[in-house]
$ cat target_39.cif   # mmCIF, C-alpha atoms
data_coords
loop_
_atom_site.group_PDB
_atom_site.id
_atom_site.type_symbol
_atom_site.label_atom_id
_atom_site.label_comp_id
_atom_site.auth_asym_id
_atom_site.auth_seq_id
_atom_site.Cartn_x
_atom_site.Cartn_y
_atom_site.Cartn_z
ATOM 1 C CA MET Y 77 0.000 0.000 0.000
ATOM 2 C CA GLY Y 78 1.169 3.549 -0.469
ATOM 3 C CA VAL Y 79 1.437 6.177 -3.089
ATOM 4 C CA VAL Y 80 2.051 5.675 -6.781
ATOM 5 C CA GLY Y 81 2.982 8.669 -8.896
ATOM 6 C CA ALA Y 82 5.657 10.063 -11.146
ATOM 7 C CA GLY Y 83 6.183 13.593 -9.903
ATOM 8 C CA ARG Y 84 5.815 15.600 -6.755
ATOM 9 C CA GLY Y 85 2.790 17.571 -7.882
ATOM 10 C CA GLY Y 86 -0.385 16.475 -6.081
ATOM 11 C CA GLY Y 87 -2.375 16.044 -9.278
ATOM 12 C CA GLU Y 88 0.163 13.557 -10.656
ATOM 13 C CA HIS Y 89 -0.348 11.065 -7.846
ATOM 14 C CA VAL Y 90 -2.722 8.142 -7.889
ATOM 15 C CA LEU Y 91 -3.211 7.238 -4.249
ATOM 16 C CA ALA Y 92 -3.832 3.828 -2.792
ATOM 17 C CA PRO Y 93 -6.957 3.661 -0.585
ATOM 18 C CA LEU Y 94 -5.025 3.775 2.684
ATOM 19 C CA ALA Y 95 -3.132 6.866 1.494
ATOM 20 C CA VAL Y 96 -6.467 8.571 0.782
ATOM 21 C CA LEU Y 97 -7.590 7.692 4.303
ATOM 22 C CA VAL Y 98 -4.410 9.112 5.860
ATOM 23 C CA LEU Y 99 -4.640 12.357 3.885
ATOM 24 C CA GLY Y 100 -8.297 12.637 4.833
ATOM 25 C CA LEU Y 101 -7.370 12.394 8.515
ATOM 26 C CA LEU Y 102 -4.596 14.959 8.166
ATOM 27 C CA ALA Y 103 -6.913 17.297 6.274
ATOM 28 C CA GLU Y 104 -8.864 17.537 9.548
ATOM 29 C CA GLN Y 105 -5.868 18.212 11.811
ATOM 30 C CA PRO Y 106 -2.159 17.407 12.274
ATOM 31 C CA LEU Y 107 -1.664 13.947 13.832
ATOM 32 C CA HIS Y 108 1.042 11.458 14.672
ATOM 33 C CA PRO Y 109 0.651 7.921 13.268
ATOM 34 C CA TYR Y 110 -0.520 6.403 16.551
ATOM 35 C CA GLU Y 111 -3.353 8.935 16.680
ATOM 36 C CA MET Y 112 -4.222 8.065 13.067
ATOM 37 C CA VAL Y 113 -4.493 4.401 14.037
ATOM 38 C CA GLN Y 114 -6.652 5.146 17.083
ATOM 39 C CA ILE Y 115 -9.020 7.467 15.199
ATOM 40 C CA THR Y 116 -9.330 4.972 12.340
ATOM 41 C CA LEU Y 117 -10.269 2.182 14.775
ATOM 42 C CA GLU Y 118 -12.624 4.371 16.821
ATOM 43 C CA ARG Y 119 -14.490 5.424 13.679
ATOM 44 C CA ARG Y 120 -14.323 1.853 12.357
ATOM 45 C CA GLU Y 121 -12.803 3.217 9.177
ATOM 46 C CA ASP Y 122 -10.520 0.180 9.147
ATOM 47 C CA ARG Y 123 -13.462 -1.425 7.338
ATOM 48 C CA LEU Y 124 -13.050 0.986 4.432
ATOM 49 C CA VAL Y 125 -9.545 -0.138 3.434
ATOM 50 C CA LYS Y 126 -7.164 -3.021 4.062
ATOM 51 C CA PHE Y 127 -5.680 -1.744 7.282
ATOM 52 C CA ARG Y 128 -2.851 -2.706 9.591
ATOM 53 C CA PRO Y 129 -0.969 -0.276 11.846
ATOM 54 C CA GLY Y 130 2.352 -1.249 10.266
ATOM 55 C CA THR Y 131 0.983 -0.584 6.801
ATOM 56 C CA LEU Y 132 -0.284 2.823 7.903
ATOM 57 C CA TYR Y 133 3.178 3.773 9.193
ATOM 58 C CA HIS Y 134 4.675 2.702 5.857
ATOM 59 C CA THR Y 135 2.066 4.772 4.004
ATOM 60 C CA VAL Y 136 2.951 7.818 6.118
ATOM 61 C CA ASP Y 137 6.610 7.399 5.132
ATOM 62 C CA ARG Y 138 5.669 7.191 1.445
ATOM 63 C CA LEU Y 139 3.459 10.265 1.653
ATOM 64 C CA LEU Y 140 6.255 12.155 3.386
ATOM 65 C CA GLY Y 141 8.738 11.098 0.718
ATOM 66 C CA ASN Y 142 6.390 12.290 -2.008
ATOM 67 C CA GLY Y 143 5.915 15.682 -0.383
ATOM 68 C CA LEU Y 144 2.207 15.164 0.294
ATOM 69 C CA ILE Y 145 2.654 15.516 4.065
ATOM 70 C CA GLU Y 146 5.282 17.224 6.185
ATOM 71 C CA VAL Y 147 6.568 17.163 9.743
ATOM 72 C CA HIS Y 148 4.455 19.560 11.794
ATOM 73 C CA ASP Y 149 5.855 18.977 15.265
ATOM 74 C CA VAL Y 150 7.761 16.522 17.455
ATOM 75 C CA ARG Y 151 6.144 15.772 20.794
ATOM 76 C CA ARG Y 152 7.514 14.156 23.934
ATOM 77 C CA GLU Y 153 5.142 13.219 26.754
ATOM 78 C CA GLY Y 154 6.837 12.180 29.970
ATOM 79 C CA ASN Y 155 9.221 9.281 29.493
ATOM 80 C CA ARG Y 156 7.565 8.178 26.248
ATOM 81 C CA PRO Y 157 9.540 8.202 23.012
ATOM 82 C CA GLU Y 158 9.252 11.228 20.762
ATOM 83 C CA ARG Y 159 6.286 11.223 18.420
ATOM 84 C CA THR Y 160 6.403 12.977 15.082
ATOM 85 C CA VAL Y 161 3.251 14.878 14.182
ATOM 86 C CA TYR Y 162 2.460 15.240 10.494
ATOM 87 C CA ALA Y 163 0.382 17.782 8.565
ATOM 88 C CA ILE Y 164 -0.935 17.706 5.030
ATOM 89 C CA THR Y 165 0.840 19.923 2.493
ATOM 90 C CA GLU Y 166 -0.678 21.950 -0.308
ATOM 91 C CA ALA Y 167 0.354 19.208 -2.731
ATOM 92 C CA GLY Y 168 -1.296 16.680 -0.431
ATOM 93 C CA GLN Y 169 -4.525 18.662 -0.401
ATOM 94 C CA GLU Y 170 -4.468 18.725 -4.189
ATOM 95 C CA ALA Y 171 -3.752 14.994 -4.384
ATOM 96 C CA LEU Y 172 -6.597 14.251 -1.970
ATOM 97 C CA VAL Y 173 -9.068 16.291 -4.027
ATOM 98 C CA VAL Y 174 -7.940 14.764 -7.321
ATOM 99 C CA ASN Y 175 -8.204 11.210 -5.997
ATOM 100 C CA LEU Y 176 -11.561 11.719 -4.314
ATOM 101 C CA GLU Y 177 -12.934 13.129 -7.556
ATOM 102 C CA ARG Y 178 -11.487 10.186 -9.496
ATOM 103 C CA ILE Y 179 -12.951 7.586 -7.149
ATOM 104 C CA LEU Y 180 -16.378 9.217 -6.962
ATOM 105 C CA ALA Y 181 -16.700 9.678 -10.719
ATOM 106 C CA GLN Y 182 -15.300 6.396 -12.022
ATOM 107 C CA HIS Y 183 -17.080 3.061 -11.872
ATOM 108 C CA SER Y 184 -13.954 0.944 -11.807
ATOM 109 C CA PRO Y 185 -14.104 -2.865 -12.112
ATOM 110 C CA GLU Y 186 -14.154 -4.602 -8.750
ATOM 111 C CA TYR Y 187 -13.631 -8.276 -8.002
ATOM 112 C CA PRO Y 188 -15.719 -9.313 -4.993
ATOM 113 C CA GLU Y 189 -15.048 -12.907 -3.933
ATOM 114 C CA LEU Y 190 -18.776 -13.454 -3.462
ATOM 115 C CA TYR Y 191 -19.394 -13.123 -7.185
ATOM 116 C CA LEU Y 192 -16.626 -15.616 -7.918
ATOM 117 C CA ALA Y 193 -18.008 -18.095 -5.395
ATOM 118 C CA LEU Y 194 -21.547 -17.763 -6.775
ATOM 119 C CA SER Y 195 -20.323 -18.362 -10.315
ATOM 120 C CA GLU Y 196 -18.639 -21.613 -9.233
ATOM 121 C CA ALA Y 197 -21.028 -22.698 -6.458
ATOM 122 C CA HIS Y 198 -22.343 -25.558 -8.608
ATOM 123 C CA ALA Y 199 -19.072 -27.354 -7.803
ATOM 124 C CA LEU Y 200 -20.469 -27.991 -4.303
ATOM 125 C CA PRO Y 201 -23.412 -30.200 -3.320
ATOM 126 C CA ARG Y 202 -26.743 -28.416 -2.894
ATOM 127 C CA PRO Y 203 -26.955 -29.076 0.899
ATOM 128 C CA ARG Y 204 -23.464 -27.646 1.385
ATOM 129 C CA VAL Y 205 -24.286 -24.475 -0.571
ATOM 130 C CA ILE Y 206 -27.459 -24.055 1.482
ATOM 131 C CA GLU Y 207 -25.457 -24.460 4.691
ATOM 132 C CA LEU Y 208 -22.801 -21.965 3.681
ATOM 133 C CA LEU Y 209 -25.207 -19.354 2.351
ATOM 134 C CA SER Y 210 -27.260 -19.598 5.546
ATOM 135 C CA ALA Y 211 -24.128 -18.877 7.601
ATOM 136 C CA ARG Y 212 -23.158 -15.990 5.327
ATOM 137 C CA ILE Y 213 -26.588 -14.383 5.505
ATOM 138 C CA GLU Y 214 -26.517 -14.614 9.289
ATOM 139 C CA ALA Y 215 -23.122 -12.883 9.382
ATOM 140 C CA MET Y 216 -24.292 -10.202 6.948
ATOM 141 C CA ARG Y 217 -27.372 -9.496 9.063
ATOM 142 C CA ALA Y 218 -25.168 -9.015 12.116
ATOM 143 C CA ASP Y 219 -22.946 -6.676 10.097
ATOM 144 C CA LEU Y 220 -25.983 -4.745 8.893
ATOM 145 C CA ALA Y 221 -27.272 -4.313 12.441
ATOM 146 C CA GLN Y 222 -23.929 -2.809 13.497
ATOM 147 C CA PHE Y 223 -23.970 -0.277 10.670
ATOM 148 C CA VAL Y 224 -27.573 0.670 11.382
ATOM 149 C CA ASP Y 225 -26.757 1.167 15.072
ATOM 150 C CA ALA Y 226 -23.685 3.252 14.212
ATOM 151 C CA ALA Y 227 -25.643 5.457 11.785
ATOM 152 C CA GLU Y 228 -28.457 5.945 14.311
ATOM 153 C CA TRP Y 229 -25.918 6.800 17.022
ATOM 154 C CA ALA Y 230 -24.211 9.378 14.789
ATOM 155 C CA SER Y 231 -27.540 10.892 13.810
ATOM 156 C CA GLY Y 232 -28.658 11.004 17.444
ATOM 157 C CA LYS Y 233 -25.475 12.843 18.385
ATOM 158 C CA GLY Y 234 -26.257 15.493 15.791
ATOM 159 C CA ILE Y 235 -23.340 14.528 13.545
ATOM 160 C CA PRO Y 236 -24.086 15.785 10.024
ATOM 161 C CA GLU Y 237 -24.875 13.003 7.570
ATOM 162 C CA MET Y 238 -22.083 14.148 5.241
ATOM 163 C CA PHE Y 239 -19.589 12.601 7.676
ATOM 164 C CA PHE Y 240 -21.033 9.080 7.465
ATOM 165 C CA LEU Y 241 -22.331 8.747 3.916
ATOM 166 C CA ASP Y 242 -20.402 5.488 3.590
ATOM 167 C CA ALA Y 243 -22.590 3.921 6.291
ATOM 168 C CA GLY Y 244 -25.743 4.729 4.340
ATOM 169 C CA CYS Y 245 -24.312 3.153 1.196
ATOM 170 C CA ARG Y 246 -23.215 0.050 3.094
ATOM 171 C CA ILE Y 247 -26.625 -0.323 4.723
ATOM 172 C CA VAL Y 248 -28.468 -0.196 1.409
ATOM 173 C CA THR Y 249 -25.958 -2.543 -0.241
ATOM 174 C CA LEU Y 250 -26.111 -5.075 2.579
ATOM 175 C CA ARG Y 251 -29.899 -5.018 2.681
ATOM 176 C CA THR Y 252 -30.102 -5.599 -1.070
ATOM 177 C CA GLN Y 253 -27.551 -8.420 -1.018
ATOM 178 C CA ILE Y 254 -29.213 -10.091 1.961
ATOM 179 C CA GLU Y 255 -32.605 -9.931 0.259
ATOM 180 C CA TRP Y 256 -31.233 -11.450 -2.957
ATOM 181 C CA LEU Y 257 -29.237 -14.165 -1.187
ATOM 182 C CA ALA Y 258 -32.207 -15.065 1.018
ATOM 183 C CA GLY Y 259 -34.309 -15.457 -2.124
ATOM 184 C CA LEU Y 260 -31.601 -17.614 -3.692
ATOM 185 C CA LEU Y 261 -31.445 -19.723 -0.550
ATOM 186 C CA GLY Y 262 -35.202 -20.281 -0.639
ATOM 187 C CA ARG Y 263 -35.063 -21.372 -4.282
ATOM 188 C CA LEU Y 264 -32.216 -23.776 -3.552
ATOM 189 C CA GLU Y 265 -34.094 -25.248 -0.596
ATOM 190 C CA SER Y 266 -37.292 -25.695 -2.615
ATOM 191 C CA GLY Y 267 -35.491 -27.243 -5.570
ATOM 192 C CA GLU Y 268 -36.615 -24.470 -7.915
ATOM 193 C CA ILE Y 269 -33.008 -24.145 -9.066
ATOM 194 C CA GLU Y 270 -31.664 -27.355 -10.557
ATOM 195 C CA TRP Y 271 -28.298 -28.573 -9.339
ATOM 196 C CA LEU Y 272 -25.590 -30.932 -10.497
ATOM 197 C CA ASP Y 273 -26.382 -33.485 -7.790
ATOM 198 C CA ASP Y 274 -30.084 -33.656 -8.711
ATOM 199 C CA PRO Y 275 -30.856 -37.254 -9.768
ATOM 200 C CA ASP Y 276 -32.658 -36.130 -12.920
ATOM 201 C CA SER Y 277 -30.341 -33.259 -13.844
ATOM 202 C CA PRO Y 278 -29.143 -33.395 -17.461
ATOM 203 C CA TYR Y 279 -25.868 -31.994 -16.152
ATOM 204 C CA ALA Y 280 -25.385 -34.760 -13.565
ATOM 205 C CA ALA Y 281 -22.646 -36.313 -15.712
ATOM 206 C CA MET Y 282 -20.518 -33.252 -14.972
ATOM 207 C CA GLN Y 283 -20.643 -33.913 -11.240
ATOM 208 C CA HIS Y 284 -17.568 -36.174 -11.305
ATOM 209 C CA MET Y 285 -15.538 -33.150 -12.365
ATOM 210 C CA PHE Y 286 -16.079 -31.568 -8.972
ATOM 211 C CA SER Y 287 -16.249 -34.616 -6.708
ATOM 212 C CA SER Y 288 -13.536 -35.100 -4.109
ATOM 213 C CA PRO Y 289 -12.492 -38.328 -2.365
ATOM 214 C CA GLU Y 290 -12.666 -36.524 0.960
ATOM 215 C CA SER Y 291 -15.410 -34.281 2.280
ATOM 216 C CA PRO Y 292 -14.283 -30.656 2.606
ATOM 217 C CA GLN Y 293 -13.790 -29.252 6.068
ATOM 218 C CA LYS Y 294 -16.615 -27.118 7.340
ATOM 219 C CA VAL Y 295 -15.989 -23.461 6.624
ATOM 220 C CA THR Y 296 -18.005 -20.690 8.196
ATOM 221 C CA PRO Y 297 -17.839 -17.188 6.636
ATOM 222 C CA GLN Y 298 -16.077 -14.655 8.797
#
$ encode --input "target_39.cif" --output "structure tokens"
Amino acid sequence: MGVVGAGRGGGEHVLAPLAVLVLGLLAEQPLHPYEMVQITLERREDRLVKFRPGTLYHTVDRLLGNGLIEVHDVRREGNRPERTVYAITEAGQEALVVNLERILAQHSPEYPELYLALSEAHALPRPRVIELLSARIEAMRADLAQFVDAAEWASGKGIPEMFFLDAGCRIVTLRTQIEWLAGLLGRLESGEIEWLDDPDSPYAAMQHMFSSPESPQKVTPQ
């Protein structure tokens, strides 16, 4: 993760998602990396990008090297080691704007694993697909409830909606996916959708292509 770009001008940089997150934090106020980590976790923004504290520190170094952030201050509190506080530069502000505009405007191809699994689900027996989809839907419903609670909490605290637009999008997306998957599950359970392991399926001869001498270990979606 980090920054990719040829020159030092903000508009020439294509930022990785974590770099956009870091610049967004620094656009609010100067911070040291530990504070960035804490704020990201408190706001649950670690669900917006692939996030690890070590990766964030590396991203900060890359942004600094590209002139998109600068050292604002060095703090020492008690016997703790010195902490470097960073601020966004003018070039960083420009890069943040350019990348936000790019991401908002472009409908770039994405590769969700769910779509891949659905396209190849016929490789598994019907009962196993039913079992796995049931577990996934349960996990998605729990996820949805957390986002709804978080959005209601933010709204109740008087936080303007513009600061949690991502939650609204996630809620609608999760609700739509849950509804569709629940419908799919019902059709699989009723037999409305034919399957390779159906006795009378004209595609039953293909089943040997996916059979395994050993039953797969039970996997529950995270």
$ residues_around --input "target_39.cif" --residues "range 111-126 of chain Y" --least-positions-apart "6" --cutoff "9 Å" --atoms "only C-alpha atoms" --output "JSON, numbers by chain"
{"Y": [77, 93, 94, 97, 98, 101, 102, 132, 242]}
$ write_last_selection --input "target_39.cif" --atoms "C-alpha atoms" --output "PDB file, in the frame of the given file"
ATOM      1  CA  MET Y  77       0.000   0.000   0.000  1.00  0.00           C
ATOM      2  CA  PRO Y  93      -6.957   3.661  -0.585  1.00  0.00           C
ATOM      3  CA  LEU Y  94      -5.025   3.775   2.684  1.00  0.00           C
ATOM      4  CA  LEU Y  97      -7.590   7.692   4.303  1.00  0.00           C
ATOM      5  CA  VAL Y  98      -4.410   9.112   5.860  1.00  0.00           C
ATOM      6  CA  LEU Y 101      -7.370  12.394   8.515  1.00  0.00           C
ATOM      7  CA  LEU Y 102      -4.596  14.959   8.166  1.00  0.00           C
ATOM      8  CA  LEU Y 132      -0.284   2.823   7.903  1.00  0.00           C
ATOM      9  CA  ASP Y 242     -20.402   5.488   3.590  1.00  0.00           C
TER      10      ASP Y 242
END
$ atom_distance --input "target_39.cif" --atom1 "CA of Asn142 in chain Y" --atom2 "CA of Ile164 in chain Y"
11.5 Å
$ atom_distance --input "target_39.cif" --atom1 "CA of Ala171 in chain Y" --atom2 "CA of Phe127 in chain Y"
20.5 Å
$ residues_around --input "target_39.cif" --residues "range 209-212 of chain Y" --least-positions-apart "6" --cutoff "12 Å" --atoms "all atoms listed in the file" --output "list in words"
Leu190, Ala193, Leu194, Ala197, Leu200, Arg202, Pro203, Ala218, Asp219, Leu250, Gln253, Ile254, Trp256, Leu257, Ala258, Gly259, Leu260, Leu261, Gly262, Leu264, Glu265, Lys294, Val295, Thr296, Pro297 and Gln298 of chain Y
$ write_last_selection --input "target_39.cif" --atoms "C-alpha atoms" --output "tab-separated table (two decimals), in the coordinates of the input"
chain	number	residue	atom	x	y	z
Y	190	LEU	CA	-18.78	-13.45	-3.46
Y	193	ALA	CA	-18.01	-18.10	-5.40
Y	194	LEU	CA	-21.55	-17.76	-6.78
Y	197	ALA	CA	-21.03	-22.70	-6.46
Y	200	LEU	CA	-20.47	-27.99	-4.30
Y	202	ARG	CA	-26.74	-28.42	-2.89
Y	203	PRO	CA	-26.96	-29.08	0.90
Y	218	ALA	CA	-25.17	-9.02	12.12
Y	219	ASP	CA	-22.95	-6.68	10.10
Y	250	LEU	CA	-26.11	-5.08	2.58
Y	253	GLN	CA	-27.55	-8.42	-1.02
Y	254	ILE	CA	-29.21	-10.09	1.96
Y	256	TRP	CA	-31.23	-11.45	-2.96
Y	257	LEU	CA	-29.24	-14.16	-1.19
Y	258	ALA	CA	-32.21	-15.06	1.02
Y	259	GLY	CA	-34.31	-15.46	-2.12
Y	260	LEU	CA	-31.60	-17.61	-3.69
Y	261	LEU	CA	-31.44	-19.72	-0.55
Y	262	GLY	CA	-35.20	-20.28	-0.64
Y	264	LEU	CA	-32.22	-23.78	-3.55
Y	265	GLU	CA	-34.09	-25.25	-0.60
Y	294	LYS	CA	-16.61	-27.12	7.34
Y	295	VAL	CA	-15.99	-23.46	6.62
Y	296	THR	CA	-18.00	-20.69	8.20
Y	297	PRO	CA	-17.84	-17.19	6.64
Y	298	GLN	CA	-16.08	-14.66	8.80
$ closest_residue --input "target_39.cif" --among "Y:Thr165, Y:Ser184, Y:Gln105, Y:Ser277" --to "Gly143 in chain Y" --atoms "only C-alpha atoms"
Y:Thr165
$ closest_residue --input "target_39.cif" --among "Y:Ile206, Y:Val96, Y:Ile179, Y:Leu107" --to "Ser266 in chain Y" --atoms "only C-alpha atoms"
Y:Ile206
$ resolve_selection --input "target_39.cif" --expression "the PyMOL selection byres ((chain Y and resi 108) around 10)" --output "ChimeraX atom specification"
/Y:102,106-107,109-113,133,136,147-151,159-163
$ atom_distance --input "target_39.cif" --atom1 "CA of Ala103 in chain Y" --atom2 "CA of Gln169 in chain Y"
7.2 Å
$ closest_residue --input "target_39.cif" --among "Y:Ala92, Y:Val224, Y:Leu99, Y:Met238" --to "Val173 in chain Y" --atoms "all atoms listed in the file"
Y:Leu99
$ closest_residue --input "target_39.cif" --among "Y:Glu186, Y:Glu166, Y:Asp225, Y:Glu207" --to "Glu146 in chain Y" --atoms "only C-alpha atoms"
Y:Glu166
$ closest_residue --input "target_39.cif" --among "Y:Ala181, Y:Cys245, Y:Leu176, Y:Val90" --to "Leu144 in chain Y" --atoms "all atoms listed in the file"
Y:Val90
